[in-house]
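Here is data-v8.txt, consisting of compact mmCIF, C-alpha atoms and all ligand atoms:
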```txt
# COMPACT_ATOMS: atom_id res chain seq x y z
CA MET A 1 12.78 17.76 -11.16
CA SER A 2 16.24 19.20 -11.62
CA PRO A 3 16.11 23.00 -11.93
CA ARG A 4 17.67 22.58 -15.39
CA ASN A 5 14.80 20.44 -16.71
CA SER A 6 11.41 21.77 -17.77
CA LEU A 7 7.94 20.45 -18.55
CA GLU A 8 6.10 22.03 -21.46
CA PRO A 9 2.37 21.14 -21.54
CA LEU A 10 1.45 19.39 -24.79
CA ILE A 11 -1.96 17.70 -24.37
CA SER A 12 -4.31 18.90 -21.64
CA ALA A 13 -6.21 16.62 -19.26
CA GLU A 14 -9.48 17.81 -20.87
CA LYS A 15 -8.32 16.87 -24.38
CA ILE A 16 -7.15 13.47 -23.16
CA GLU A 17 -10.51 12.83 -21.52
CA VAL A 18 -12.44 13.67 -24.68
CA ARG A 19 -10.19 11.56 -26.91
CA VAL A 20 -10.20 8.57 -24.55
CA ALA A 21 -14.02 8.67 -24.54
CA GLU A 22 -14.03 8.72 -28.37
CA LEU A 23 -11.65 5.75 -28.51
CA ALA A 24 -13.71 3.82 -25.97
CA HIS A 25 -16.86 4.45 -28.01
CA ARG A 26 -15.20 3.19 -31.21
CA LEU A 27 -13.71 0.17 -29.47
CA GLU A 28 -17.07 -0.72 -28.00
CA HIS A 29 -18.68 -0.44 -31.42
CA ASP A 30 -15.93 -2.55 -33.08
CA HIS A 31 -16.01 -5.35 -30.49
CA PRO A 32 -19.65 -6.36 -30.26
CA GLY A 33 -18.89 -10.02 -29.47
CA GLY A 34 -17.79 -11.28 -26.06
CA ASP A 35 -14.53 -12.98 -25.08
CA LEU A 36 -12.52 -9.76 -25.17
CA VAL A 37 -9.15 -9.76 -23.42
CA VAL A 38 -7.56 -6.34 -22.99
CA VAL A 39 -3.78 -6.65 -22.65
CA SER A 40 -1.93 -3.63 -21.33
CA VAL A 41 1.83 -3.09 -21.51
CA LEU A 42 3.24 -2.12 -18.10
CA SER A 43 3.85 0.38 -16.71
CA GLY A 44 3.28 3.32 -19.02
CA SER A 45 -0.21 2.38 -20.18
CA VAL A 46 -1.85 1.76 -16.77
CA ILE A 47 -3.54 5.17 -16.48
CA PHE A 48 -4.72 5.08 -20.10
CA LEU A 49 -5.98 1.53 -19.54
CA ALA A 50 -7.86 2.48 -16.37
CA ASP A 51 -9.62 5.43 -18.01
CA LEU A 52 -10.33 3.61 -21.28
CA VAL A 53 -11.83 0.38 -19.95
CA ARG A 54 -14.09 2.20 -17.50
CA LYS A 55 -15.70 3.92 -20.49
CA MET A 56 -16.19 0.64 -22.39
CA ASN A 57 -19.44 -1.06 -21.52
CA LEU A 58 -18.36 -4.55 -22.61
CA PRO A 59 -17.64 -7.82 -20.83
CA MET A 60 -13.86 -8.20 -20.77
CA ARG A 61 -10.88 -9.61 -18.97
CA ILE A 62 -7.78 -7.52 -18.35
CA ASP A 63 -4.21 -8.78 -18.44
CA THR A 64 -0.82 -7.07 -18.29
CA VAL A 65 2.59 -7.79 -19.77
CA SER A 66 5.97 -6.17 -19.31
CA VAL A 67 8.76 -5.87 -21.79
CA SER A 68 12.52 -5.55 -21.25
CA SER A 69 13.61 -1.93 -21.61
CA TYR A 70 15.96 -0.71 -24.27
CA ALA A 71 16.98 2.67 -22.81
CA GLY A 72 15.77 4.70 -25.77
CA ARG A 73 17.80 3.07 -28.53
CA ALA A 74 16.30 1.72 -31.74
CA VAL A 75 15.67 -2.01 -31.61
CA ALA A 76 15.22 -4.74 -34.17
CA PRO A 77 12.17 -7.02 -34.07
CA GLY A 78 12.79 -9.87 -31.65
CA GLU A 79 15.40 -7.96 -29.64
CA LEU A 80 13.00 -7.02 -26.85
CA LYS A 81 11.81 -9.73 -24.49
CA VAL A 82 8.35 -10.02 -23.01
CA LEU A 83 9.16 -10.50 -19.31
CA LYS A 84 5.80 -11.09 -17.66
CA THR A 85 3.83 -13.72 -19.47
CA PHE A 86 0.10 -13.76 -19.93
CA SER A 87 -2.18 -14.92 -17.11
CA GLU A 88 -5.04 -15.28 -19.58
CA ASP A 89 -4.97 -17.89 -22.33
CA VAL A 90 -5.84 -15.74 -25.33
CA HIS A 91 -6.19 -18.67 -27.72
CA GLY A 92 -9.44 -18.17 -29.65
CA LYS A 93 -10.17 -14.87 -27.85
CA HIS A 94 -10.52 -11.35 -29.22
CA VAL A 95 -7.50 -9.43 -27.96
CA LEU A 96 -7.11 -5.69 -27.65
CA LEU A 97 -3.51 -4.68 -26.98
CA ILE A 98 -3.06 -1.29 -25.27
CA ASP A 99 0.14 0.72 -25.06
CA ASP A 100 0.98 4.26 -24.09
CA ILE A 101 3.19 5.32 -26.99
CA LEU A 102 4.47 4.01 -30.31
CA ASP A 103 8.06 5.12 -30.76
CA THR A 104 10.35 2.69 -32.65
CA GLY A 105 7.64 0.01 -32.63
CA GLY A 106 9.91 -2.54 -30.88
CA THR A 107 7.66 -2.96 -27.85
CA LEU A 108 4.41 -3.49 -29.72
CA SER A 109 6.12 -5.77 -32.23
CA ALA A 110 7.49 -8.00 -29.43
CA VAL A 111 4.12 -8.28 -27.66
CA ILE A 112 2.21 -8.80 -30.92
CA GLY A 113 4.56 -11.72 -31.70
CA GLU A 114 3.79 -13.35 -28.34
CA ILE A 115 0.06 -12.90 -28.76
CA GLN A 116 -0.03 -14.15 -32.35
CA ALA A 117 1.79 -17.32 -31.24
CA MET A 118 -1.22 -18.09 -29.01
CA GLU A 119 -3.56 -17.90 -32.02
CA PRO A 120 -6.18 -15.40 -30.84
CA ALA A 121 -9.45 -15.08 -32.76
CA SER A 122 -8.46 -11.48 -33.54
CA LEU A 123 -5.90 -8.92 -32.43
CA LYS A 124 -6.27 -5.14 -32.51
CA THR A 125 -3.83 -2.63 -31.13
CA CYS A 126 -4.50 0.76 -29.56
CA VAL A 127 -1.94 3.36 -28.54
CA LEU A 128 -2.60 6.69 -26.89
CA LEU A 129 0.30 8.42 -28.67
CA ARG A 130 2.14 7.79 -31.92
CA LYS A 131 5.35 9.66 -32.68
CA LYS A 132 5.64 11.00 -36.23
CA LYS A 133 8.83 9.36 -37.44
CA GLU A 134 10.28 6.84 -39.86
CA ARG A 135 10.26 3.30 -38.45
CA ASN A 136 12.33 0.28 -39.44
CA ILE A 137 9.75 -1.91 -37.71
CA ASP A 138 6.43 -2.13 -39.50
CA VAL A 139 3.77 -1.77 -36.78
CA LYS A 140 0.51 -0.02 -37.52
CA PRO A 141 -1.82 0.37 -34.52
CA ASP A 142 -5.51 0.06 -35.35
CA TYR A 143 -6.44 2.90 -32.99
CA VAL A 144 -4.35 6.00 -32.17
CA GLY A 145 -5.24 8.71 -29.67
CA PHE A 146 -2.90 11.48 -30.78
CA GLU A 147 -0.07 11.90 -33.30
CA ILE A 148 2.82 13.82 -31.75
CA GLU A 149 6.21 15.05 -32.91
CA ASP A 150 9.26 12.94 -32.13
CA LEU A 151 9.81 14.43 -28.66
CA PHE A 152 10.26 12.87 -25.24
CA VAL A 153 6.99 13.18 -23.34
CA VAL A 154 5.90 12.45 -19.78
CA GLY A 155 2.66 12.40 -17.79
CA TYR A 156 -0.59 10.41 -17.89
CA GLY A 157 1.39 7.24 -17.19
CA LEU A 158 4.55 8.12 -19.13
CA ASP A 159 7.67 8.60 -17.07
CA CYS A 160 11.20 9.87 -16.98
CA ASP A 161 13.22 7.69 -14.65
CA GLY A 162 10.00 6.60 -12.92
CA MET A 163 8.76 10.16 -12.29
CA TYR A 164 5.80 12.21 -13.66
CA ARG A 165 3.48 9.27 -14.31
CA ASN A 166 0.81 10.91 -12.12
CA LEU A 167 0.63 14.18 -14.10
CA PRO A 168 -2.96 14.43 -15.41
CA TYR A 169 -1.73 15.94 -18.71
CA ILE A 170 1.04 15.13 -21.20
CA ALA A 171 4.10 17.35 -21.32
CA VAL A 172 7.27 17.53 -23.36
CA PHE A 173 10.22 16.85 -21.10
CA ASN A 174 13.02 19.21 -21.98
CA LEU A 175 16.54 18.53 -20.76
CA THR A 176 18.14 21.95 -20.80
P1 LIG B 201 9.00 1.61 -28.73
O1 LIG B 201 10.26 2.31 -29.21
O2 LIG B 201 9.27 0.21 -28.32
O3 LIG B 201 8.65 2.44 -27.46
O4 LIG B 201 7.86 1.80 -29.69
C1 LIG B 201 7.59 2.13 -26.67
C2 LIG B 201 7.95 2.28 -25.23
O5 LIG B 201 9.07 3.17 -25.02
C3 LIG B 201 8.82 4.06 -24.01
N1 LIG B 201 8.83 5.42 -24.60
C4 LIG B 201 8.61 6.54 -23.96
N2 LIG B 201 8.34 6.77 -22.66
N3 LIG B 201 8.23 9.08 -23.09
C5 LIG B 201 8.16 8.04 -22.24
O6 LIG B 201 7.88 8.26 -21.08
C6 LIG B 201 8.50 8.95 -24.42
O7 LIG B 201 8.55 9.93 -25.16
C7 LIG B 201 8.71 7.60 -24.86
N4 LIG B 201 8.98 7.07 -26.07
C8 LIG B 201 9.06 5.72 -25.87
C9 LIG B 201 7.47 3.67 -23.45
O8 LIG B 201 7.69 2.81 -22.34
C10 LIG B 201 6.80 2.90 -24.52
O9 LIG B 201 5.88 1.90 -24.08
```
Is it possible to express this structure as structure tokens?
Ligand code: XMP
Amino acid sequence: MSPRNSLEPLISAEKIEVRVAELAHRLEHDHPGGDLVVVSVLSGSVIFLADLVRKMNLPMRIDTVSVSSYAGRAVAPGELKVLKTFSEDVHGKHVLLIDDILDTGGTLSAVIGEIQAMEPASLKTCVLLRKKKERNIDVKPDYVGFEIEDLFVVGYGLDCDGMYRNLPYIAVFNLT
């Protein structure tokens, strides 16, 4: 970290653990049938995914997708490209889409479009963090871990230039 940058703790590892367990419990309750495919958006959601699915006592398959980056600018629906395609055929399956953070909504909207085109039996979305802000893209996750202010955050999978993903807590990254 540059000496001019600082990390300000926002959500502790303990709070994350409690909330992830609550989400897992609800997801388990809401997905009683089989044929669940959990799709995680790389790379930011991998730590959330790993903690969440290990608390869900359900038969499931896990798949990952990656999306072209947009370097922090607002994007219109369709502008982002899903780069890694699905290994699992989700046609007729119950899909749970996992992402780390909902910011503009461009990422989730792009992946939702790809999944819907494969005609799943159902599609639910779950994000760990949702920024409080106005969005031009209408995406409403079914499950949200925490609402946060519109700040740049790192840790627990979230990065700045590839760094800080391994922090066990979430921090506001201040460029000073
Ligand atoms: P959109 O705007 O598509 O953003 O909803 C979702 C993706 O953008 C990245 N992102 C962040 N990454 N701290 C990060 O480390 C942030 O505050 C942040 N806001 C957006 C992230 O990859 C996410 O999946």
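Closest to ligand LIG 201 (chain B) among A:Thr104, A:Asn174, A:Ser109, A:Ser45 is A:Thr104, based on all atoms listed in the file.
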Axis-aligned box over every listed atom of ligand LIG 201 (chain B), padded by 6 Å per side: centre and edges in Å to one decimal, as JSON?
```
{"center_x": 8.1, "center_y": 5.1, "center_z": -25.4, "size_x": 16.4, "size_y": 21.7, "size_z": 20.6}
```
Per residue of chain A within 7 Å of ligand LIG 201 (chain B), what are the shortest atom pair and its distance in Å to one decimal, counting all atoms listed in the file, with rows by chain and residue number, as CSV?
```
residue,atom,partner,partner_atom,distance
A:Val41,CA,B:LIG201,O9,6.9
A:Gly44,CA,B:LIG201,O8,5.5
A:Gly72,CA,B:LIG201,C8,6.8
A:Ala74,CA,B:LIG201,O1,6.6
A:Asp99,CA,B:LIG201,O9,5.9
A:Asp100,CA,B:LIG201,O9,5.4
A:Ile101,CA,B:LIG201,C10,5.0
A:Leu102,CA,B:LIG201,O4,4.1
A:Asp103,CA,B:LIG201,O4,3.5
A:Thr104,CA,B:LIG201,O1,3.5
A:Gly105,CA,B:LIG201,O4,3.4
A:Gly106,CA,B:LIG201,O2,3.8
A:Thr107,CA,B:LIG201,O2,3.6
A:Leu108,CA,B:LIG201,O2,6.3
A:Leu151,CA,B:LIG201,O7,5.8
A:Phe152,CA,B:LIG201,O7,3.4
A:Val153,CA,B:LIG201,O7,4.0
A:Val154,CA,B:LIG201,O6,4.8
A:Leu158,CA,B:LIG201,O6,3.9
A:Asp159,CA,B:LIG201,O6,4.0
A:Cys160,CA,B:LIG201,O6,5.5
```
Output of the above residues as a PDB file, in the coordinates of the input, restricted to C-alpha atoms:
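Just written: part05.pdb:
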```pdb
ATOM      1  CA  VAL A  41       1.830  -3.090 -21.510  1.00  0.00           C
ATOM      2  CA  GLY A  44       3.280   3.320 -19.020  1.00  0.00           C
ATOM      3  CA  GLY A  72      15.770   4.700 -25.770  1.00  0.00           C
ATOM      4  CA  ALA A  74      16.300   1.720 -31.740  1.00  0.00           C
ATOM      5  CA  ASP A  99       0.140   0.720 -25.060  1.00  0.00           C
ATOM      6  CA  ASP A 100       0.980   4.260 -24.090  1.00  0.00           C
ATOM      7  CA  ILE A 101       3.190   5.320 -26.990  1.00  0.00           C
ATOM      8  CA  LEU A 102       4.470   4.010 -30.310  1.00  0.00           C
ATOM      9  CA  ASP A 103       8.060   5.120 -30.760  1.00  0.00           C
ATOM     10  CA  THR A 104      10.350   2.690 -32.650  1.00  0.00           C
ATOM     11  CA  GLY A 105       7.640   0.010 -32.630  1.00  0.00           C
ATOM     12  CA  GLY A 106       9.910  -2.540 -30.880  1.00  0.00           C
ATOM     13  CA  THR A 107       7.660  -2.960 -27.850  1.00  0.00           C
ATOM     14  CA  LEU A 108       4.410  -3.490 -29.720  1.00  0.00           C
ATOM     15  CA  LEU A 151       9.810  14.430 -28.660  1.00  0.00           C
ATOM     16  CA  PHE A 152      10.260  12.870 -25.240  1.00  0.00           C
ATOM     17  CA  VAL A 153       6.990  13.180 -23.340  1.00  0.00           C
ATOM     18  CA  VAL A 154       5.900  12.450 -19.780  1.00  0.00           C
ATOM     19  CA  LEU A 158       4.550   8.120 -19.130  1.00  0.00           C
ATOM     20  CA  ASP A 159       7.670   8.600 -17.070  1.00  0.00           C
ATOM     21  CA  CYS A 160      11.200   9.870 -16.980  1.00  0.00           C
TER      22      CYS A 160
END
```
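Distances to His91 of chain A were evaluated for A:Val37, A:Ile16, A:Met56, A:Leu129 using all atoms listed in the file, and the minimum falls at A:Val37.
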| said: I'd like the contact shell of segment 145-148 of chain A - 12 Å cut-off, all atoms listed in the file, skipping same-chain residues fewer than 4 positions apart - returned as a PyMOL selection string. | reply: chain A and resi 10-12+15-24+26+48+52+98-103+125-133+141+152-153+170-172
File of the preceding selection, C-alpha atoms, as a CSV table (one decimal), keeping the file's coordinate frame:
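The resulting file, result_37.csv, is shown below:
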```csv
chain,number,residue,atom,x,y,z
A,10,LEU,CA,1.4,19.4,-24.8
A,11,ILE,CA,-2.0,17.7,-24.4
A,12,SER,CA,-4.3,18.9,-21.6
A,15,LYS,CA,-8.3,16.9,-24.4
A,16,ILE,CA,-7.2,13.5,-23.2
A,17,GLU,CA,-10.5,12.8,-21.5
A,18,VAL,CA,-12.4,13.7,-24.7
A,19,ARG,CA,-10.2,11.6,-26.9
A,20,VAL,CA,-10.2,8.6,-24.6
A,21,ALA,CA,-14.0,8.7,-24.5
A,22,GLU,CA,-14.0,8.7,-28.4
A,23,LEU,CA,-11.6,5.8,-28.5
A,24,ALA,CA,-13.7,3.8,-26.0
A,26,ARG,CA,-15.2,3.2,-31.2
A,48,PHE,CA,-4.7,5.1,-20.1
A,52,LEU,CA,-10.3,3.6,-21.3
A,98,ILE,CA,-3.1,-1.3,-25.3
A,99,ASP,CA,0.1,0.7,-25.1
A,100,ASP,CA,1.0,4.3,-24.1
A,101,ILE,CA,3.2,5.3,-27.0
A,102,LEU,CA,4.5,4.0,-30.3
A,103,ASP,CA,8.1,5.1,-30.8
A,125,THR,CA,-3.8,-2.6,-31.1
A,126,CYS,CA,-4.5,0.8,-29.6
A,127,VAL,CA,-1.9,3.4,-28.5
A,128,LEU,CA,-2.6,6.7,-26.9
A,129,LEU,CA,0.3,8.4,-28.7
A,130,ARG,CA,2.1,7.8,-31.9
A,131,LYS,CA,5.4,9.7,-32.7
A,132,LYS,CA,5.6,11.0,-36.2
A,133,LYS,CA,8.8,9.4,-37.4
A,141,PRO,CA,-1.8,0.4,-34.5
A,152,PHE,CA,10.3,12.9,-25.2
A,153,VAL,CA,7.0,13.2,-23.3
A,170,ILE,CA,1.0,15.1,-21.2
A,171,ALA,CA,4.1,17.4,-21.3
A,172,VAL,CA,7.3,17.5,-23.4
```
| message | Around (4.1, -7.7, -30.0), as given in the file, which residues come within 12 Å? Count all atoms listed in the file and list them as JSON, numbers by chain. | response | {"A": [39, 40, 41, 65, 66, 67, 77, 78, 79, 80, 81, 82, 95, 96, 97, 98, 99, 102, 105, 106, 107, 108, 109, 110, 111, 112, 113, 114, 115, 116, 117, 118, 123, 124, 125, 137, 138, 139, 140, 141]}
| query | In Å, how far is it from atom CA of Ser122 of chain A to atom CA of Thr85 of chain A? | reply | 18.8 Å
| task | Enter the distance from atom CA of Asp89 of chain A to atom CA of His31 of chain A, in Å, rounded to one decimal. | result | 18.6 Å
